[in-house]
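Scroll down for the structure; my scribbles are underneath it.
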Amino acid sequence: MNDGKHFATGEFDAPKHDGRSERIAQKRAKRRRRKARFGKIPGWVYKVILILALSVVGMLLWFNRQNLAPANIAEWVQDRVVGIGVGDGFPQKFSGSVEAKNFLSVNQELVMVSDTDLTVYNGTAKVLASRQHSFSEPVMKVNGSRTLIYNLGGTGYQLESRSKTLQKKNTAENIFAGALAGNGRYAFVTQVEGYCGKLTAYKPDGKELFHYWFADYYPTAVALNADGTRAAVTAISAQDGGLTSAIYLLDFSSKEPVQPFAAYTENMMLDVYWSSDGTVTAIGDKMTAIINTTTQTKVNYDYQGMQLTAYTVDSGNTALSLTPYDSASSSRLVVLDGGGKERANISVPGAVRSVSIYGDTVTALADGKLYAYSAADGAAVGTADAGSDAKAVAQSTESRAYVLGISELRSVEIG
């Protein structure tokens with residue numbers, strides 16, 4: 001009896017096992033064991049990850065809160081639109097006169113101020129900005145996409161973005177020096193009756209943020225930290241029949257009188273920089289001081305009697321061109337790190353008149369030629385012809401540099 005049920009009575013083949021099937025089975029077993037071991041992650045782990053992620057995002061937003069303001073975002077968009085397009089390429093002719101101090105490369109763009117105009121080019125020589133000024137002694141300070149131009153010894157100044165003029169005003173007193181922070185804050189040291197000088201810091205909208213009067217030293221240069229909340233000021237005074245220079249570190253949250261952080265005899269402080277790593281570098285005619293503002297320590301680099309012919313500071317690295325005397329046949333190119341230690345000490349043929357740093361490459365302009373070296377060990381990287389009329393060099397990358405001629409701008413590959 002089969003109760004109406006039918007069963008297959010034919011033979012069936014048992015599955016065949018080969019090496020490949022066994023390997024597949026072993027892999028599947030491993031995956032099952034792995035899932036059993038790690039597959040169930042406790043819910044609290046996800047919560048911790050989420051909290052950490054939100055904390056990081058919140059911290060980034062907090063530190064960049066000023067740059068994320070609607071006005072700054074709109075400016076950023078406008079600047080990007082202005083930067084779209086391709087130019088005719090270098091070389092480019094220009095009219096007027098340009099000083100070496102008013103010729104820089106920032107974010108691979110060329111920024112320069114002549115005796116009549118501010119002009120910004122991209123790497124293809126497309127003009128990103130062109131604004132006139134009426135200053136007899138223009139000085140420019142560049143930070144990011146903004147440029148501050150002021151009239152040295154006068155009262156006029158302009159704050160420019162790529163797309164428009166942000167501020168065009170006059171100070172109450174004549175300007176000794178100026179500085180620009182990355183978030184658009186700026187500052188001037190000015191002449192003031194009854195004191196040696198005055199520092200005034202401004203918000204990006206031109207409203208006064210902070211001021212400080214100097215009673216003992218005449219200020220000569222100023223630099224701002226990244227967020228425009230502190231300033232480094234170099235100053236000079238005649239004491240006991242000799243020249244004395246001082247470096248002030250000012251905190252805008254404090255209104256208390258400040259004593260100089262450091263003072264030096266017979267050393268004229270020429271310029272000062274505040275790098276993003278918190279390092280303050282004060283360039284003097286006989287020595288350079290590098291200050292760690294976090295540890296409140298300093299290192300002095302003495303030129304050992306040599307003459308300073310050119311200098312620059314970028315990302316905490318300092319390049320100094322030194323020569324034993326005016327008509328020397330070679331120069332010394334010294335690169336210092338953020339701690340004031342020598343990274344490289346290089347012999348350069350000829351008289352160096354301009355230096356530039358980009359990344360790990362330092363370039364010197366001497367007698368119409370560019371000489372590029374490793375900033376880490378001084379090894380030669382390459383040379384290039386800059387032109388017999390070359391006045392200044394500004395690296396745009398580690399292998400390319402802009403060159404300022406008498407009436408021509410060039411982009412030169414160094415190799």
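Residues in the structure tokens are named by chain (A, B, ... in the order shown) and by number from 1 within that chain; ligands are numbered from 1 in the order shown.
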
Q: For Ala181 in chain A, list every protein, DNA or RNA residue within 12 Å, evaluated using only C-alpha atoms, and leave out those in the same chain fewer than 2 positions away; present the list as JSON, numbers by chain.
A: {"A": [66, 67, 141, 142, 143, 144, 145, 146, 147, 148, 159, 178, 179, 183, 184, 185, 186, 187, 188, 201, 202, 203, 204, 222, 223, 224, 225, 226, 227, 228, 229, 230, 231, 273, 274, 275, 276]}

Q: Quick one: everything within 6 Å of range 328-341 of chain A, counting only C-alpha atoms, minus sequence neighbours fewer than 3 positions away in the same chain. Send it as a PyMOL selection string.
A: chain A and resi 290+299+316-323+325+344-351

Quick one: residues within 10 Å of Arg131 in chain A, only C-alpha atoms, excluding same-chain residues fewer than 3 positions away - as a compact mmCIF listing (two decimals) with N, CA and C atoms, in the first residue's frame?
# COMPACT_ATOMS: atom_id res chain seq x y z
N VAL A 113 51.41 95.08 -6.64
CA VAL A 113 50.93 96.46 -6.58
C VAL A 113 51.98 97.35 -7.21
N THR A 116 50.41 102.54 -9.38
CA THR A 116 49.05 102.99 -9.71
C THR A 116 47.97 101.95 -9.49
N ASP A 117 48.34 100.65 -9.49
CA ASP A 117 47.30 99.60 -9.52
C ASP A 117 47.66 98.39 -8.67
N LEU A 118 46.60 97.70 -8.22
CA LEU A 118 46.70 96.33 -7.72
C LEU A 118 46.25 95.41 -8.84
N THR A 119 47.03 94.36 -9.14
CA THR A 119 46.66 93.38 -10.15
C THR A 119 46.93 91.98 -9.62
N VAL A 120 45.96 91.08 -9.86
CA VAL A 120 46.09 89.69 -9.45
C VAL A 120 45.90 88.82 -10.69
N GLN A 158 43.24 100.69 1.35
CA GLN A 158 42.19 99.93 0.69
C GLN A 158 42.31 98.46 1.08
N GLU A 160 41.02 94.85 -0.29
CA GLU A 160 40.46 94.33 -1.53
C GLU A 160 40.28 92.81 -1.46
N ARG A 162 39.10 89.53 -4.34
CA ARG A 162 39.23 89.33 -5.78
C ARG A 162 38.10 90.01 -6.54
N LYS A 164 35.83 92.59 -5.31
CA LYS A 164 35.40 93.96 -5.03
C LYS A 164 36.30 94.61 -3.97
N THR A 165 36.13 95.93 -3.83
CA THR A 165 36.79 96.69 -2.77
C THR A 165 35.96 96.57 -1.50

Q.
I'd like to know which residues of range 44-288 of chain A are helix (DSSP H, G or I) (by DSSP, run on the backbone); could you write them as a PyMOL selection string?
A. chain A and resi 44-63+70-82

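The residue that comes closest to Thr309 in chain A, out of A:Arg343, A:His133, A:Lys286, A:Arg353 and on the basis of only C-alpha atoms, is A:Arg353.
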
**Q.** Straight-line distance linking CA of Pro257 in chain A with CA of Asp216 in chain A, stated in Å to one decimal
**A.**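 Here the two named atoms are 11.6 Å from each other.
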
Q.
Give me, as a ChimeraX atom specification, all polymer residues having an atom no more than 12 Å from Thr363 in chain A, counting only C-alpha atoms and skipping those fewer than 5 positions away in the same chain.
A. /A:310-312,319-321,333-335,346,348,352-358,369-375,378-384,386,392-403,412-415

**Q.** Polymer residues at most 12 Å from Asn151 in chain A, only C-alpha atoms, same-chain spacing of 6 or more positions, as a PyMOL selection string
**A.** chain A and resi 113+115-116+133-141+157-158+168-171+173-178+188+190

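Pairwise distance (CA of Asp271 in chain A, CA of Arg410 in chain A) equals 27.1 Å.
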
Q.
Please determine, counting only C-alpha atoms, which residue among A:Thr265, A:His211, A:Gly156, A:Gln296 has the shortest atom-to-atom distance to Leu249 in chain A.
A.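 Once distances to Leu249 in chain A are computed over only C-alpha atoms, the minimum belongs to A:Gln296.
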